[in-house]
Amino acid sequence: MPLEGPARIVSELTTRGYNAEREAVTLIAAAERPQPTLEQVVEQLPERTLVVRTEHVRAVLEESTPASSESSPVSSESPPSNPSRDGDDSTDRPQNNPSVSTGDPSQPSPTPRTDPPVETEGSVDHIERSSDISRRSLEIANDMTGESTGTGEYKDFVAVFRDRLERLGSKLRGRFNHRPASAIQSMPGGSEAAMVGLVNDIRSTASGHWLIELEDATGTFPWLVMKDREYADLVEELLCDEVLAMEGTLADDSGIAFVDSMSFPDVPRTYEPSTADRHVQAALISDVHVGSQEFMADAWNRFADWLHTEEAQHVEYLLLAGDMVEGVGVYPDQDEELDIVDIYDQYEAFNECLKRVPGDLDIVMIPGNHDAVRLAEPQPGFDERLRNIMSAHDPRIVSNPSTVTLEGVSVLMYHGVSLDEVIAELPEEKANYDEPHKAMYHLLKKRHVAPQFGGHTRLAPEKEDYLIIEDVPDIFHTGHVHKLGFGKYHNVLAINSGCWQAQTDFQKSVNIDPDAGYAPIVDLDTLDVTVQKFS
């Protein structure tokens, strides 16, 4: 059967054991007779070649006497392309995994569906995919790779917190007749006052009330939250350094204000997410941890093979939210749990795993705390050496966090180290490891992925606060905690995607029971979620 487009070419090469660069596929597809061109390229590949590269195709096209009169040269300036998929998959899947967390019942929730493990013994039938690449769209925003300017000096920290207060405060100031701290200090007792600021301190009084000190660019002012007020439980959700607004009445001596209301930057309750105008899906995964003795290679291979099947024909995007490898020296005695001890060898092994997925996927990756980048957030994307190693299928490698827009659907990708801090600071019913999406809700409410400075989450001062959630995303995707959970907060789909690493001895010591071998699949046209299980 003649080839009909890039997707068919990728499928043909995959069945022969090869992956291919996008531009190489484009050059073959653009030839007047793609099939003879592909045959000649394969015939002339050097021994042990795994990836068909652009130069392999160009060498064939530029030969003065092609092996087949049907093949024709193609301009080397042909742009790279991303083949697309089409088709209809309306099969309902059984909900047979009660361990999958589907979110707060009081919130609108996505449709959870969990499939049984995919059997992949023997050969995998590779599907024919559409070549209509014009329908795909992938845009990156807030990628700070190459933009790092922070030196760690005091003035840098002052600048980033001023930026945080200004940008998040602007989302609150229009709701109140607010005053700076210095102006409130000079107002007469009994006056109504409102202030927007950073939480500088939280402490309880001897009588059980709460004293919240807010700070802005002019100074600080104390606000007293009475324990018997209906909003007193919101104090339990507060983190130092987050931005909020308080409104209340000054005491007679004007030295303190009694709080009447408390407001957060938050996601508007009326928020309506964007959706794609066709049926297309994205696989959201994280925490692969290649190099660990507990890396679940068989589960990963089943996932990769499943992506080649008809059931996965609508999956056109793959988003990896950090921790591609296990890393070295991340926690005490980690070397005793490593299967691969060299960090570069770990990334080479990860790249081999990446080669198993279809070559016509659009792939986006951000780093995590186990990856070979700086620990302080925001984390720039990988350096050139690691990018060259992780080159299979030409992935887009961006910073942590970054926003990826897929056919109009914005996805905020953040690895999720701050979730540890949120879960540690908040009451268990409001944030816990078994329901990681609930901790994510608080980050959306605060409009910042890592609001608290000086705790477990390392933060780097930059020219601006890259950790602010400036625009409301349609999907919020995290990893890190190795637990699967998803739900909706004010119509924003929050997903923590689990991991691909079985429980390590270290995880046992800290009582972490991971959800491993799961792949959440999001329908971008409806924002429904299907969870595929491969473990």
# chains A, B, ... in the order shown; residues from 1 in each chain; ligands from 1
call {"tool": "residues_around", "arguments": {"residues": "Leu375 (chain A)", "least_positions_apart": "5", "cutoff": "12 Å", "atoms": "only C-alpha atoms", "output": "VMD selection string"}}
result
chain A and resid 323 327 330 367 to 370 380 to 381 400 415 417 456 to 460
call {"tool": "select_by_dssp", "arguments": {"residues": "region 411-486 of chain A", "states": "strand (DSSP E or B)", "output": "list of chain:residue names"}}
result
A:Val411, A:Leu412, A:Met413, A:Asn432, A:Glu435, A:His448, A:Leu459, A:Ile468, A:Ile475, A:Phe476, A:His477, A:Thr478, A:Leu484, A:Gly485, A:Phe486
call {"tool": "residues_around", "arguments": {"residues": "Tyr518 (chain A)", "least_positions_apart": "6", "cutoff": "9 Å", "atoms": "only C-alpha atoms", "output": "ChimeraX atom specification"}}
result
/A:285,299,303,484,497-500,531-535
call {"tool": "write_last_selection", "arguments": {"atoms": "C-alpha atoms", "output": "PDB file, in the first residue's frame"}}
result
ATOM      1  CA  ILE A 285       2.457  11.771  32.977  1.00  0.00           C
ATOM      2  CA  ALA A 299       4.705  -0.854  32.695  1.00  0.00           C
ATOM      3  CA  PHE A 303       2.187   2.282  27.916  1.00  0.00           C
ATOM      4  CA  LEU A 484      -2.783   9.927  41.320  1.00  0.00           C
ATOM      5  CA  SER A 497      -0.403  12.077  37.395  1.00  0.00           C
ATOM      6  CA  GLY A 498       1.243   9.493  39.668  1.00  0.00           C
ATOM      7  CA  CYS A 499       4.576   7.918  38.706  1.00  0.00           C
ATOM      8  CA  TRP A 500       6.437   5.048  36.997  1.00  0.00           C
ATOM      9  CA  VAL A 531      -7.039   6.799  33.473  1.00  0.00           C
ATOM     10  CA  GLN A 532      -5.155   4.014  31.729  1.00  0.00           C
ATOM     11  CA  LYS A 533      -3.442   1.511  34.019  1.00  0.00           C
ATOM     12  CA  PHE A 534      -0.326  -0.348  32.878  1.00  0.00           C
ATOM     13  CA  SER A 535       0.989  -1.817  36.128  1.00  0.00           C
TER      14      SER A 535
END
call {"tool": "residues_around", "arguments": {"residues": "Asn491 (chain A)", "least_positions_apart": "4", "cutoff": "12 Å", "atoms": "only C-alpha atoms", "output": "list in words"}}
result
Gln107, Pro108, Ser109, Pro110, Val267, Pro268, Arg269, Thr270, Tyr271, Glu272, Pro273, Ser274, Thr275, Tyr441, Leu444, Val472, Pro473, Asp474, Ile475, Phe476, Gly487, Thr526, Leu527 and Asp528 of chain A
call {"tool": "write_last_selection", "arguments": {"atoms": "N, CA and C atoms", "output": "short mmCIF file (atom, residue, chain, number, x, y, z; two decimals), in the first residue's frame"}}
result
data_model
loop_
_atom_site.label_atom_id
_atom_site.label_comp_id
_atom_site.auth_asym_id
_atom_site.auth_seq_id
_atom_site.Cartn_x
_atom_site.Cartn_y
_atom_site.Cartn_z
N GLN A 107 -17.51 19.50 44.09
CA GLN A 107 -17.06 20.25 42.93
C GLN A 107 -17.47 19.56 41.64
N PRO A 108 -17.66 20.33 40.56
CA PRO A 108 -17.86 19.68 39.26
C PRO A 108 -16.63 18.86 38.94
N SER A 109 -16.81 17.64 38.52
CA SER A 109 -15.66 16.77 38.32
C SER A 109 -15.62 16.20 36.92
N PRO A 110 -14.40 15.85 36.46
CA PRO A 110 -14.29 15.21 35.16
C PRO A 110 -14.85 13.80 35.22
N VAL A 267 -9.30 31.87 41.51
CA VAL A 267 -9.88 31.66 40.18
C VAL A 267 -11.35 32.07 40.25
N PRO A 268 -11.81 32.91 39.35
CA PRO A 268 -13.23 33.31 39.40
C PRO A 268 -14.14 32.09 39.33
N ARG A 269 -15.19 32.11 40.13
CA ARG A 269 -16.14 30.98 40.14
C ARG A 269 -16.86 30.84 38.80
N THR A 270 -16.88 31.91 38.05
CA THR A 270 -17.57 31.88 36.76
C THR A 270 -16.63 31.50 35.61
N TYR A 271 -15.42 31.07 35.95
CA TYR A 271 -14.44 30.78 34.89
C TYR A 271 -14.94 29.67 33.97
N GLU A 272 -14.82 29.90 32.68
CA GLU A 272 -15.20 28.91 31.68
C GLU A 272 -13.96 28.50 30.89
N PRO A 273 -13.54 27.26 31.00
CA PRO A 273 -12.32 26.83 30.31
C PRO A 273 -12.51 26.73 28.80
N SER A 274 -11.41 26.85 28.08
CA SER A 274 -11.42 26.65 26.64
C SER A 274 -11.31 25.17 26.33
N THR A 275 -11.82 24.76 25.19
CA THR A 275 -11.72 23.37 24.76
C THR A 275 -11.34 23.33 23.28
N TYR A 441 -5.64 22.68 44.55
CA TYR A 441 -6.70 23.68 44.60
C TYR A 441 -6.22 24.93 45.35
N LEU A 444 -4.08 27.13 43.22
CA LEU A 444 -4.94 27.89 42.30
C LEU A 444 -5.61 29.05 43.02
N VAL A 472 -5.46 32.27 34.32
CA VAL A 472 -6.08 31.03 34.78
C VAL A 472 -5.90 29.94 33.72
N PRO A 473 -5.31 28.79 34.09
CA PRO A 473 -5.17 27.72 33.11
C PRO A 473 -6.45 26.91 32.98
N ASP A 474 -6.59 26.20 31.91
CA ASP A 474 -7.71 25.27 31.76
C ASP A 474 -7.41 23.94 32.45
N ILE A 475 -6.12 23.57 32.46
CA ILE A 475 -5.66 22.36 33.12
C ILE A 475 -4.42 22.70 33.94
N PHE A 476 -4.34 22.18 35.15
CA PHE A 476 -3.18 22.34 36.02
C PHE A 476 -2.59 20.95 36.23
N GLY A 487 -9.46 16.40 39.81
CA GLY A 487 -10.76 16.98 40.09
C GLY A 487 -10.81 18.38 39.51
N THR A 526 -13.47 18.06 25.69
CA THR A 526 -14.45 18.04 26.78
C THR A 526 -13.82 18.21 28.16
N LEU A 527 -12.50 18.02 28.28
CA LEU A 527 -11.75 18.01 29.53
C LEU A 527 -12.17 16.85 30.43
N ASP A 528 -12.72 15.79 29.84
CA ASP A 528 -12.95 14.55 30.57
C ASP A 528 -11.62 13.80 30.70
#
call {"tool": "select_by_dssp", "arguments": {"residues": "region 340-494 of chain A", "states": "alpha helix (DSSP H)", "output": "NGL selection string"}}
result
:A and (343-355 or 384-389 or 418-425 or 436-446)
call {"tool": "atom_distance", "arguments": {"atom1": "CA of Val288 (chain A)", "atom2": "CA of Lys508 (chain A)"}}
result
18.3 Å
call {"tool": "residues_around", "arguments": {"residues": "Pro451 (chain A)", "least_positions_apart": "4", "cutoff": "9 Å", "atoms": "only C-alpha atoms", "output": "number ranges by chain"}}
result
A: 239-243, 418, 443, 446-447, 467-468
call {"tool": "write_last_selection", "arguments": {"atoms": "N, CA and C atoms", "output": "PDB file, in the first residue's frame"}}
result
ATOM      1  N   LEU A 239      -0.643  30.614  54.107  1.00  0.00           N
ATOM      2  CA  LEU A 239       0.796  30.371  54.086  1.00  0.00           C
ATOM      3  C   LEU A 239       1.509  31.712  54.118  1.00  0.00           C
ATOM      4  N   CYS A 240       2.634  31.769  54.777  1.00  0.00           N
ATOM      5  CA  CYS A 240       3.410  32.993  54.772  1.00  0.00           C
ATOM      6  C   CYS A 240       3.814  33.348  53.340  1.00  0.00           C
ATOM      7  N   ASP A 241       3.829  34.637  53.059  1.00  0.00           N
ATOM      8  CA  ASP A 241       4.273  35.208  51.779  1.00  0.00           C
ATOM      9  C   ASP A 241       3.219  35.144  50.684  1.00  0.00           C
ATOM     10  N   GLU A 242       2.039  34.587  50.949  1.00  0.00           N
ATOM     11  CA  GLU A 242       0.991  34.669  49.933  1.00  0.00           C
ATOM     12  C   GLU A 242       0.355  36.055  49.989  1.00  0.00           C
ATOM     13  N   VAL A 243      -0.291  36.423  48.893  1.00  0.00           N
ATOM     14  CA  VAL A 243      -0.927  37.734  48.788  1.00  0.00           C
ATOM     15  C   VAL A 243      -2.422  37.592  49.016  1.00  0.00           C
ATOM     16  N   SER A 418       6.269  22.143  45.841  1.00  0.00           N
ATOM     17  CA  SER A 418       5.587  22.903  46.890  1.00  0.00           C
ATOM     18  C   SER A 418       4.387  22.164  47.474  1.00  0.00           C
ATOM     19  N   LEU A 443      -3.171  26.091  45.615  1.00  0.00           N
ATOM     20  CA  LEU A 443      -2.253  26.866  44.785  1.00  0.00           C
ATOM     21  C   LEU A 443      -3.024  27.694  43.761  1.00  0.00           C
ATOM     22  N   LYS A 446      -4.511  30.645  45.596  1.00  0.00           N
ATOM     23  CA  LYS A 446      -3.504  31.658  45.907  1.00  0.00           C
ATOM     24  C   LYS A 446      -2.877  32.243  44.648  1.00  0.00           C
ATOM     25  N   ARG A 447      -3.153  31.631  43.489  1.00  0.00           N
ATOM     26  CA  ARG A 447      -2.639  32.046  42.183  1.00  0.00           C
ATOM     27  C   ARG A 447      -1.101  32.069  42.191  1.00  0.00           C
ATOM     28  N   LEU A 467       6.658  32.264  39.191  1.00  0.00           N
ATOM     29  CA  LEU A 467       5.820  31.246  39.823  1.00  0.00           C
ATOM     30  C   LEU A 467       4.382  31.715  40.024  1.00  0.00           C
ATOM     31  N   ILE A 468       4.102  32.949  39.662  1.00  0.00           N
ATOM     32  CA  ILE A 468       2.729  33.465  39.736  1.00  0.00           C
ATOM     33  C   ILE A 468       1.866  32.784  38.669  1.00  0.00           C
TER      34      ILE A 468
END
call {"tool": "closest_residue", "arguments": {"among": "A:Gly197, A:Pro514, A:Gly485, A:Pro6", "to": "Ala431 (chain A)", "atoms": "only C-alpha atoms"}}
result
A:Gly485
call {"tool": "atom_distance", "arguments": {"atom1": "CA of Glu63 (chain A)", "atom2": "CA of Asn19 (chain A)"}}
result
23.1 Å
call {"tool": "atom_distance", "arguments": {"atom1": "CA of Leu338 (chain A)", "atom2": "CA of Asp420 (chain A)"}}
result
23.6 Å
call {"tool": "closest_residue", "arguments": {"among": "A:Pro188, A:Pro34, A:Pro265, A:Gly329", "to": "Lys171 (chain A)", "atoms": "only C-alpha atoms"}}
result
A:Pro265
